[in-house]
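File shown: structure-v7.cif. Contents: mmCIF, C-alpha atoms and all ligand atoms.
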```
data_start
loop_
_atom_site.label_atom_id
_atom_site.label_comp_id
_atom_site.auth_asym_id
_atom_site.auth_seq_id
_atom_site.Cartn_x
_atom_site.Cartn_y
_atom_site.Cartn_z
CA MET A 269 0.00 0.00 0.00
CA GLN A 270 1.17 3.55 -0.75
CA PRO A 271 1.51 5.81 2.34
CA SER A 272 -1.39 7.93 1.12
CA ASN A 273 -3.58 4.82 1.22
CA LEU A 274 -2.60 4.08 4.78
CA PRO A 275 -4.82 5.30 7.62
CA ASN A 276 -4.14 8.37 9.74
CA ILE A 277 -4.63 7.29 13.32
CA ALA A 278 -5.20 9.06 16.63
CA ILE A 279 -4.71 7.64 20.11
CA VAL A 280 -6.89 9.28 22.74
CA GLY A 281 -5.38 8.60 26.18
CA ALA A 282 -1.93 8.11 24.64
CA THR A 283 -0.17 8.74 27.96
CA GLY A 284 -2.17 6.10 29.86
CA ALA A 285 -1.70 2.38 30.45
CA VAL A 286 -3.76 1.27 27.45
CA GLY A 287 -2.55 4.12 25.22
CA GLN A 288 1.10 3.31 25.89
CA THR A 289 0.47 -0.35 25.12
CA LEU A 290 -1.34 0.57 21.91
CA ILE A 291 1.77 2.51 20.89
CA ALA A 292 3.99 -0.49 21.66
CA LEU A 293 1.68 -2.77 19.69
CA LEU A 294 1.75 -0.53 16.60
CA GLU A 295 5.44 -1.37 16.34
CA GLU A 296 5.25 -4.99 17.52
CA ARG A 297 2.53 -5.85 15.03
CA ASP A 298 3.94 -3.68 12.26
CA PHE A 299 0.60 -1.89 11.98
CA MET A 300 0.88 0.31 8.90
CA TYR A 301 -0.28 3.90 9.17
CA ASN A 302 0.42 7.21 7.49
CA ARG A 303 0.33 9.57 10.49
CA VAL A 304 -0.21 9.10 14.22
CA THR A 305 -1.60 11.75 16.60
CA ALA A 306 -1.27 11.43 20.37
CA LEU A 307 -4.08 12.99 22.39
CA ALA A 308 -4.58 13.36 26.13
CA SER A 309 -5.78 15.88 28.69
CA ALA A 310 -4.52 19.47 28.97
CA ARG A 311 -2.11 18.21 31.68
CA SER A 312 -0.04 16.34 29.09
CA VAL A 313 -0.01 18.81 26.21
CA GLY A 314 3.53 19.27 24.89
CA ARG A 315 4.85 16.00 26.32
CA THR A 316 6.87 14.02 23.80
CA LEU A 317 6.10 10.34 23.24
CA GLN A 318 8.14 7.90 21.19
CA VAL A 319 6.10 6.13 18.52
CA ARG A 320 8.10 3.72 16.36
CA GLY A 321 11.24 5.71 17.09
CA GLN A 322 9.65 9.05 16.14
CA ASP A 323 8.93 11.91 18.53
CA VAL A 324 5.21 12.65 18.72
CA THR A 325 4.00 15.66 20.70
CA VAL A 326 0.87 15.17 22.77
CA GLN A 327 -2.02 17.42 21.78
CA ALA A 328 -5.20 18.33 23.66
CA LEU A 329 -8.23 16.20 22.88
CA ASP A 330 -10.59 19.06 23.72
CA THR A 331 -9.49 21.20 20.77
CA PHE A 332 -8.52 18.48 18.28
CA ASN A 333 -10.56 18.17 15.08
CA PHE A 334 -10.75 14.59 13.79
CA THR A 335 -11.33 15.55 10.15
CA GLY A 336 -8.67 13.66 8.19
CA THR A 337 -8.25 11.02 10.92
CA ASP A 338 -9.26 7.56 9.72
CA ILE A 339 -9.13 5.60 12.98
CA ALA A 340 -9.33 7.01 16.54
CA PHE A 341 -8.60 4.69 19.45
CA PHE A 342 -10.31 5.98 22.61
CA SER A 343 -8.83 4.81 25.97
CA ALA A 344 -9.30 7.78 28.28
CA GLY A 345 -12.26 6.63 30.33
CA GLY A 346 -16.03 6.51 29.83
CA SER A 347 -16.78 10.17 30.48
CA VAL A 348 -14.17 11.28 27.93
CA SER A 349 -15.65 8.91 25.33
CA GLU A 350 -19.15 10.11 26.13
CA LYS A 351 -18.05 13.68 25.53
CA HIS A 352 -15.87 13.25 22.44
CA ALA A 353 -16.34 9.91 20.64
CA ARG A 354 -19.56 10.75 18.76
CA ARG A 355 -17.97 14.08 17.74
CA ALA A 356 -14.88 12.25 16.43
CA ALA A 357 -17.11 9.79 14.57
CA SER A 358 -19.13 12.57 12.98
CA GLU A 359 -15.91 14.33 11.92
CA GLY A 360 -15.11 11.16 9.95
CA ALA A 361 -12.92 8.99 12.18
CA LEU A 362 -13.80 5.37 12.79
CA VAL A 363 -13.79 5.26 16.61
CA ILE A 364 -12.56 2.10 18.31
CA ASP A 365 -13.70 2.73 21.86
CA ASN A 366 -12.25 0.93 24.86
CA THR A 367 -14.77 2.16 27.40
CA ASN A 368 -18.20 1.11 28.55
CA ALA A 369 -19.81 4.19 26.95
CA PHE A 370 -21.38 2.60 23.84
CA ARG A 371 -20.97 -1.16 24.21
CA MET A 372 -24.65 -1.94 24.50
CA ASP A 373 -25.82 0.68 21.94
CA GLU A 374 -27.66 -1.01 19.10
CA ASP A 375 -25.81 0.93 16.43
CA VAL A 376 -22.38 0.01 17.87
CA PRO A 377 -20.87 -3.41 17.13
CA LEU A 378 -19.10 -5.02 20.12
CA VAL A 379 -16.19 -6.93 18.68
CA VAL A 380 -13.73 -9.64 19.64
CA PRO A 381 -12.15 -10.43 16.27
CA GLN A 382 -11.50 -14.11 17.08
CA VAL A 383 -15.22 -14.52 17.89
CA ASN A 384 -17.45 -12.19 15.84
CA ALA A 385 -15.33 -10.33 13.26
CA THR A 386 -18.15 -10.70 10.71
CA VAL A 387 -20.23 -8.05 12.50
CA VAL A 388 -17.80 -5.48 11.11
CA ASP A 389 -17.85 -6.71 7.52
CA GLN A 390 -19.23 -3.26 6.80
CA ARG A 391 -18.64 0.12 8.40
CA PRO A 392 -21.30 0.73 11.08
CA ALA A 393 -23.48 3.80 10.47
CA SER A 394 -22.48 5.10 13.93
CA ASN A 395 -18.78 4.99 12.88
CA ILE A 396 -18.06 3.52 16.34
CA ILE A 397 -16.90 0.00 17.23
CA ALA A 398 -16.72 -0.93 20.91
CA ASN A 399 -14.03 -2.99 22.58
CA PRO A 400 -15.55 -5.23 25.28
CA ASN A 401 -14.71 -5.33 28.98
CA CYS A 402 -11.29 -6.75 29.86
CA SER A 403 -12.73 -9.81 31.66
CA THR A 404 -15.34 -10.53 28.99
CA ILE A 405 -12.89 -10.72 26.08
CA PRO A 406 -10.78 -13.73 27.20
CA LEU A 407 -13.84 -15.55 28.53
CA VAL A 408 -15.85 -15.37 25.28
CA ARG A 409 -12.75 -16.41 23.35
CA LEU A 410 -12.98 -19.74 25.21
CA LEU A 411 -16.78 -19.97 25.45
CA GLN A 412 -17.36 -19.71 21.73
CA PRO A 413 -15.32 -22.78 20.68
CA LEU A 414 -16.70 -24.70 23.67
CA ASN A 415 -20.28 -23.78 22.70
CA ASP A 416 -19.52 -24.93 19.14
CA TYR A 417 -18.23 -28.23 20.55
CA THR A 418 -21.44 -28.79 22.49
CA PRO A 419 -24.06 -26.21 23.59
CA ILE A 420 -23.50 -24.40 26.89
CA ASN A 421 -26.47 -24.13 29.26
CA SER A 422 -24.95 -21.73 31.79
CA VAL A 423 -21.72 -20.26 33.13
CA VAL A 424 -20.76 -19.22 36.67
CA VAL A 425 -17.63 -17.08 36.70
CA SER A 426 -15.48 -15.43 39.36
CA THR A 427 -12.83 -12.93 38.35
CA TYR A 428 -9.55 -11.98 40.03
CA GLN A 429 -8.83 -8.62 38.42
CA ALA A 430 -5.50 -6.81 38.53
CA ALA A 431 -4.85 -3.21 39.59
CA SER A 432 -3.88 -2.19 36.04
CA GLY A 433 -7.55 -2.44 35.10
CA ALA A 434 -7.81 0.93 36.84
CA GLY A 435 -4.97 2.39 34.76
CA LEU A 436 -1.54 3.67 35.77
CA THR A 437 -2.99 5.34 38.85
CA GLY A 438 -4.46 1.99 39.90
CA ILE A 439 -1.01 0.39 39.66
CA ASP A 440 0.49 3.26 41.70
CA GLU A 441 -2.23 2.90 44.31
CA LEU A 442 -1.52 -0.83 44.74
CA ARG A 443 2.23 -0.23 45.02
CA ARG A 444 1.71 2.45 47.67
CA SER A 445 -0.81 0.39 49.61
CA ALA A 446 1.34 -2.78 49.57
CA GLY A 447 4.40 -0.73 50.56
CA ARG A 448 2.58 0.55 53.63
CA VAL A 449 1.65 -2.95 54.75
CA LEU A 450 5.23 -4.14 54.24
CA SER A 451 6.52 -1.28 56.37
CA ASN A 452 3.91 -1.94 59.07
CA ALA A 453 2.16 1.35 58.40
CA GLY A 454 -1.15 -0.35 57.56
CA ASP A 455 -3.37 2.00 59.54
CA ALA A 456 -2.23 4.95 57.47
CA ASP A 457 -3.39 3.17 54.30
CA THR A 458 -6.51 5.21 53.67
CA ASP A 459 -5.85 7.39 50.63
CA ASN A 460 -7.32 4.94 48.12
CA THR A 461 -9.23 6.68 45.34
CA LYS A 462 -9.17 4.19 42.46
CA PHE A 463 -10.31 1.27 44.60
CA SER A 464 -13.10 1.21 47.20
CA ASP A 465 -10.69 -0.17 49.85
CA PRO A 466 -6.90 -0.30 50.25
CA LEU A 467 -5.79 -3.06 47.81
CA GLY A 468 -2.38 -4.06 49.24
CA PHE A 469 -2.59 -7.63 50.63
CA ASN A 470 -6.37 -7.42 50.27
CA LEU A 471 -9.28 -8.61 48.10
CA ILE A 472 -12.13 -6.30 47.08
CA PRO A 473 -15.32 -7.96 45.83
CA SER A 474 -16.62 -4.76 44.27
CA ILE A 475 -15.64 -3.37 40.85
CA ASP A 476 -17.48 -0.46 39.23
CA ARG A 477 -20.72 0.87 40.65
CA PRO A 478 -23.41 -1.08 42.52
CA LEU A 479 -26.75 -1.86 40.87
CA GLN A 480 -30.20 -2.37 42.40
CA THR A 481 -29.89 -6.12 41.69
CA GLY A 482 -27.06 -6.43 44.24
CA PHE A 483 -24.60 -7.07 41.41
CA THR A 484 -21.98 -4.55 40.31
CA LEU A 485 -21.91 -2.92 36.89
CA GLU A 486 -18.73 -4.91 36.12
CA GLU A 487 -20.62 -8.15 36.77
CA GLN A 488 -23.57 -7.03 34.66
CA LYS A 489 -21.21 -6.06 31.82
CA MET A 490 -19.91 -9.64 31.70
CA LEU A 491 -23.43 -11.00 31.19
CA GLN A 492 -24.71 -8.41 28.72
CA GLU A 493 -21.53 -8.22 26.67
CA SER A 494 -21.18 -12.02 26.43
CA ARG A 495 -24.73 -12.21 25.09
CA LYS A 496 -24.08 -9.55 22.49
CA ILE A 497 -20.71 -10.91 21.31
CA LEU A 498 -21.82 -14.54 21.18
CA GLY A 499 -25.07 -13.46 19.50
CA ILE A 500 -27.14 -15.49 22.01
CA PRO A 501 -29.60 -13.07 23.70
CA GLU A 502 -30.66 -15.61 26.35
CA PHE A 503 -27.11 -16.79 27.20
CA SER A 504 -26.98 -17.61 30.93
CA LEU A 505 -23.95 -16.27 32.79
CA THR A 506 -23.54 -14.98 36.31
CA ALA A 507 -20.40 -13.40 37.77
CA THR A 508 -18.65 -12.20 40.90
CA CYS A 509 -15.87 -9.72 40.10
CA VAL A 510 -13.06 -9.28 42.60
CA ARG A 511 -10.12 -6.84 42.54
CA VAL A 512 -6.93 -8.57 43.70
CA PRO A 513 -3.47 -7.23 44.58
CA VAL A 514 -1.90 -8.26 41.27
CA LEU A 515 -0.24 -5.58 39.15
CA ASN A 516 -1.33 -6.87 35.74
CA GLY A 517 -3.20 -9.88 34.35
CA HIS A 518 -6.83 -10.78 35.03
CA SER A 519 -7.60 -14.34 36.15
CA GLU A 520 -10.98 -16.05 36.12
CA THR A 521 -12.50 -19.33 37.25
CA ALA A 522 -15.45 -20.50 35.19
CA TYR A 523 -17.85 -23.36 35.85
CA ILE A 524 -19.49 -24.20 32.56
CA GLN A 525 -22.63 -26.31 32.52
CA PHE A 526 -23.17 -27.97 29.13
CA ALA A 527 -26.36 -29.49 27.72
CA ASN A 528 -24.57 -32.83 27.36
CA ALA A 529 -21.85 -34.81 29.11
CA VAL A 530 -18.39 -33.67 27.98
CA ASP A 531 -15.14 -35.49 27.51
CA ARG A 532 -12.17 -33.76 29.18
CA GLU A 533 -9.70 -34.74 26.46
CA GLU A 534 -12.01 -33.39 23.75
CA ILE A 535 -12.34 -30.12 25.68
CA VAL A 536 -8.53 -29.87 25.92
CA GLN A 537 -8.32 -30.53 22.19
CA THR A 538 -11.03 -27.96 21.40
CA LEU A 539 -9.29 -25.25 23.44
CA SER A 540 -5.87 -26.14 21.99
CA GLN A 541 -7.27 -25.46 18.54
CA ALA A 542 -8.77 -22.09 19.52
CA GLU A 543 -6.99 -19.04 18.05
CA GLU A 544 -4.24 -17.52 20.21
CA VAL A 545 -4.91 -19.71 23.23
CA ILE A 546 -2.25 -21.54 25.28
CA VAL A 547 -3.55 -24.62 27.09
CA PHE A 548 -1.80 -25.81 30.25
CA ASP A 549 -2.52 -29.50 30.60
CA ASN A 550 -0.39 -32.49 31.51
CA GLY A 551 -3.23 -34.98 31.64
CA PRO A 552 -5.42 -36.34 34.42
CA GLY A 553 -3.87 -36.60 37.86
CA THR A 554 -1.67 -33.56 37.34
CA ILE A 555 -2.33 -29.89 38.04
CA SER A 556 -1.29 -27.48 35.34
CA TYR A 557 -1.96 -23.75 35.39
CA PRO A 558 -0.67 -20.31 34.43
CA THR A 559 -0.24 -17.47 36.95
CA PRO A 560 -0.75 -13.78 36.22
CA ARG A 561 2.73 -12.69 37.25
CA PHE A 562 4.48 -15.10 34.92
CA LEU A 563 2.45 -15.24 31.73
CA LYS A 564 4.07 -17.18 28.91
CA ASP A 565 2.89 -14.84 26.17
CA PRO A 566 0.92 -11.68 26.99
CA ASN A 567 -0.70 -11.79 23.57
CA GLN A 568 -2.43 -15.13 24.19
CA VAL A 569 -5.23 -16.33 26.47
CA HIS A 570 -3.90 -18.87 29.00
CA VAL A 571 -6.11 -21.68 30.29
CA GLY A 572 -5.49 -24.51 32.75
CA ARG A 573 -7.07 -26.58 35.56
CA ILE A 574 -9.44 -28.09 32.97
CA ARG A 575 -11.54 -30.64 34.82
CA VAL A 576 -14.95 -32.28 34.61
CA ASN A 577 -17.11 -32.39 37.72
CA PRO A 578 -16.98 -36.04 38.89
CA ASP A 579 -20.58 -35.72 40.12
CA ASP A 580 -21.91 -34.18 36.90
CA ALA A 581 -20.32 -35.01 33.55
CA ARG A 582 -21.97 -31.92 32.02
CA GLY A 583 -20.05 -29.57 34.35
CA LEU A 584 -16.57 -28.26 33.52
CA TRP A 585 -14.23 -26.07 35.55
CA LEU A 586 -11.40 -24.04 34.08
CA TRP A 587 -8.94 -21.34 35.13
CA LEU A 588 -8.04 -18.65 32.61
CA ILE A 589 -5.68 -15.68 32.58
CA ALA A 590 -5.20 -12.89 30.09
CA ASP A 591 -3.12 -9.73 30.09
CA ASN A 592 -5.97 -7.27 30.65
CA ILE A 593 -4.14 -4.31 29.14
CA ARG A 594 -3.27 -6.22 25.97
CA ILE A 595 -5.92 -8.89 25.32
CA GLY A 596 -8.51 -7.06 27.42
CA ALA A 597 -7.95 -3.68 25.76
CA ALA A 598 -5.10 -2.55 23.48
CA LEU A 599 -4.47 -5.78 21.56
CA ASN A 600 -8.18 -6.39 20.95
CA ALA A 601 -8.48 -2.79 19.71
CA ILE A 602 -5.54 -3.20 17.32
CA GLN A 603 -6.95 -6.50 16.09
CA ILE A 604 -10.26 -4.73 15.38
CA ALA A 605 -8.30 -2.10 13.43
CA GLU A 606 -6.42 -4.82 11.54
CA THR A 607 -9.73 -6.49 10.67
CA VAL A 608 -11.31 -3.32 9.29
CA THR A 609 -8.23 -1.99 7.50
CA SER A 610 -7.98 -5.26 5.60
CA GLN A 611 -11.62 -4.82 4.58
CA TRP A 612 -12.88 -1.30 4.37
CA VAL A 613 -10.77 1.49 5.93
CA HIS A 614 -8.70 2.63 2.93
P1 LIG A 701 -3.38 12.51 31.00
O1 LIG A 701 -2.10 11.72 31.14
O2 LIG A 701 -3.19 13.80 30.32
O3 LIG A 701 -4.16 12.58 32.29
P2 LIG A 701 -4.89 5.62 32.73
O4 LIG A 701 -6.08 4.77 32.38
O5 LIG A 701 -3.60 4.88 32.67
O6 LIG A 701 -5.10 6.35 34.02
O7 LIG A 701 -4.79 6.72 31.58
C1 LIG A 701 -5.86 7.59 31.28
C2 LIG A 701 -5.57 8.30 29.98
O8 LIG A 701 -6.70 9.13 29.68
C3 LIG A 701 -4.37 9.23 30.04
O9 LIG A 701 -3.74 9.28 28.79
C4 LIG A 701 -5.03 10.56 30.37
O10 LIG A 701 -4.29 11.69 29.97
C5 LIG A 701 -6.25 10.47 29.53
N1 LIG A 701 -7.29 11.39 29.99
C6 LIG A 701 -7.83 11.46 31.23
N2 LIG A 701 -8.75 12.47 31.28
C7 LIG A 701 -8.77 13.05 30.05
C8 LIG A 701 -9.49 14.13 29.47
N3 LIG A 701 -10.40 14.81 30.16
N4 LIG A 701 -9.25 14.43 28.16
C9 LIG A 701 -8.34 13.73 27.46
N5 LIG A 701 -7.62 12.69 27.95
C10 LIG A 701 -7.83 12.35 29.24
#
```

Translate this file's structure into structure tokens.
Ligand code: A2P
Amino acid sequence: MQPSNLPNIAIVGATGAVGQTLIALLEERDFMYNRVTALASARSVGRTLQVRGQDVTVQALDTFNFTGTDIAFFSAGGSVSEKHARRAASEGALVIDNTNAFRMDEDVPLVVPQVNATVVDQRPASNIIANPNCSTIPLVRLLQPLNDYTPINSVVVSTYQAASGAGLTGIDELRRSAGRVLSNAGDADTDNTKFSDPLGFNLIPSIDRPLQTGFTLEEQKMLQESRKILGIPEFSLTATCVRVPVLNGHSETAYIQFANAVDREEIVQTLSQAEEVIVFDNGPGTISYPTPRFLKDPNQVHVGRIRVNPDDARGLWLWLIADNIRIGAALNAIQIAETVTSQWVH
């Protein structure tokens, strides 16, 4: 492709955890573009970022006009997307939005390329594509091939979500909080703002805001988004989402109830054949699992502890981990961009 045929891209939230990873992935994946613009808040204007070895000066989102931008990645939080994403889309940019702002809007496709890339065969009229929640993405990447193997009746999931899900300030808050516990200053550990409780050496079963149902918004997102991505409106899934003192990498346990009895070896085989999935399995009688701190490949979903309930051959447990900043956000966004640039953006 000639440079003039390559997309001009903008990264909104370029100084943040997801934005910085998007920038790294542009180089790692050799994503071809003509021009890149880095956007953030007024606080960061004038900062210089390195993008593929080039200096790029951060500009203010508030005053940036997206005319001439082909793809805009938004990773600056829901309120920023609510304020600016529809404007960017109407100025002509295809918005790939990482936030919860538009995921359930009917005119916005919710895309995990390994699962439902066909929903973006054509440009959506809204000019916005949503990136799902960071815990939903790796889960549906396993549920879809399993549901193709034999239909799933229901899923019960618990998540163990890392501090990085709350951005760079979330990581800082965990480091500070853990440091205080280690230095026996635990009682002074009260300046948490990103998390509802101090996270160091703690577990917090509350992510995002509470709902009347007694669930949290994060838990509801997992249900609603799974239904939309899998294209099964009545899909049955229930979740408990827990913030854990891990810097990066979301883990999940899932208990999957199938319509029929399942064979463990066939499940292992099915997951081994899924795209960009690493299966940890040394056969029955052994325990094989990934851990979030030592992921083999941050660009793949890791799954282990695959076992059938001895009292119910239709019930399967598994343990999965994915780098939430990559698979749960930046990598999925780039893979959406790769899907559409190969089809209809330039
Ligand atoms: P800034 O660095 O200027 O605050 P993280 O999720 O790691 O906390 O990163 C959030 C990202 O969103 C940062 O790049 C941050 O920029 C950006 N951001 C936050 N608020 C705004 C805003 N009002 N307008 C534009 N960008 C924003």

*Which residues form the shell of 7 Å around ligand LIG 701 (chain A) when you count all atoms listed in the file, given as a PyMOL selection string?*
chain A and resi 280-287+307-312+328-330+343-345+348+434-437

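Each of A:Ile593, A:Ile339, A:Val383, A:Leu491 was compared to Pro413 in chain A using all atoms listed in the file, and A:Val383 turns out to be the nearest.
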
_Shell around Arg582 in chain A at 10 Å using all atoms listed in the file, local window under 4 positions removed, as a list in words_ = Ile420, Asn421, Ile524, Gln525, Phe526, Ala527, Asn528, Ala529, Val530, Asp531, Val576, Asn577 and Pro578 of chain A

Using C-alpha atoms, can you write the selected residues to a file as a PDB file, in the frame of the given file?
```
ATOM      1  CA  ILE A 420     -23.500 -24.400  26.890  1.00  0.00           C
ATOM      2  CA  ASN A 421     -26.470 -24.130  29.260  1.00  0.00           C
ATOM      3  CA  ILE A 524     -19.490 -24.200  32.560  1.00  0.00           C
ATOM      4  CA  GLN A 525     -22.630 -26.310  32.520  1.00  0.00           C
ATOM      5  CA  PHE A 526     -23.170 -27.970  29.130  1.00  0.00           C
ATOM      6  CA  ALA A 527     -26.360 -29.490  27.720  1.00  0.00           C
ATOM      7  CA  ASN A 528     -24.570 -32.830  27.360  1.00  0.00           C
ATOM      8  CA  ALA A 529     -21.850 -34.810  29.110  1.00  0.00           C
ATOM      9  CA  VAL A 530     -18.390 -33.670  27.980  1.00  0.00           C
ATOM     10  CA  ASP A 531     -15.140 -35.490  27.510  1.00  0.00           C
ATOM     11  CA  VAL A 576     -14.950 -32.280  34.610  1.00  0.00           C
ATOM     12  CA  ASN A 577     -17.110 -32.390  37.720  1.00  0.00           C
ATOM     13  CA  PRO A 578     -16.980 -36.040  38.890  1.00  0.00           C
TER      14      PRO A 578
END
```

*Within 10 Å of Gly360 in chain A, counting only C-alpha atoms, which residues qualify if same-chain residues fewer than 3 places away don't, as a PyMOL selection string?*
chain A and resi 333-340+354-357+363+395

*asked:* Given only C-alpha atoms as the basis, pick out the residue of A:Leu588, A:Leu274, A:Ala453, A:Ile497 nearest to Tyr301 in chain A.
replied: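 Smallest separation from Tyr301 in chain A among the options: A:Leu274.
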
*Write out as a list in words the residues lying within 10 Å of Thr458 in chain A, counting all atoms listed in the file and excluding same-chain residues fewer than 5 positions away.*
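Skipping anything fewer than 5 positions along the chain leaves Ser445, Asp465 and Pro466 of chain A.
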
*Kindly extract all protein, DNA and RNA residues lying within 9 Å of the coordinates (-9.7, -9.9, 16.9) given in the file, considering only C-alpha atoms, and supply them as an MDAnalysis selection string.*
chainID A and resid 379:385 599:607

*What is the CA of Ile396 in chain A-CA of Phe483 in chain A distance in Å, reported with one decimal?*
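Value for the CA of Ile396 in chain A-CA of Phe483 in chain A distance: 28.0 Å.
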
*Please measure the separation of CA of Tyr428 in chain A and CA of Val408 in chain A, giving the value in Å to one decimal.*
16.4 Å

*Selected residue, from A:Glu374, A:Glu543, A:Glu487, A:Asp440, that lies nearest to Gly468 in chain A when counting only C-alpha atoms*: A:Asp440

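Proximity ranking of A:Leu414, A:Ile472, A:Leu505, A:Leu467 relative to Val536 in chain A places A:Leu414 first, based on all atoms listed in the file.
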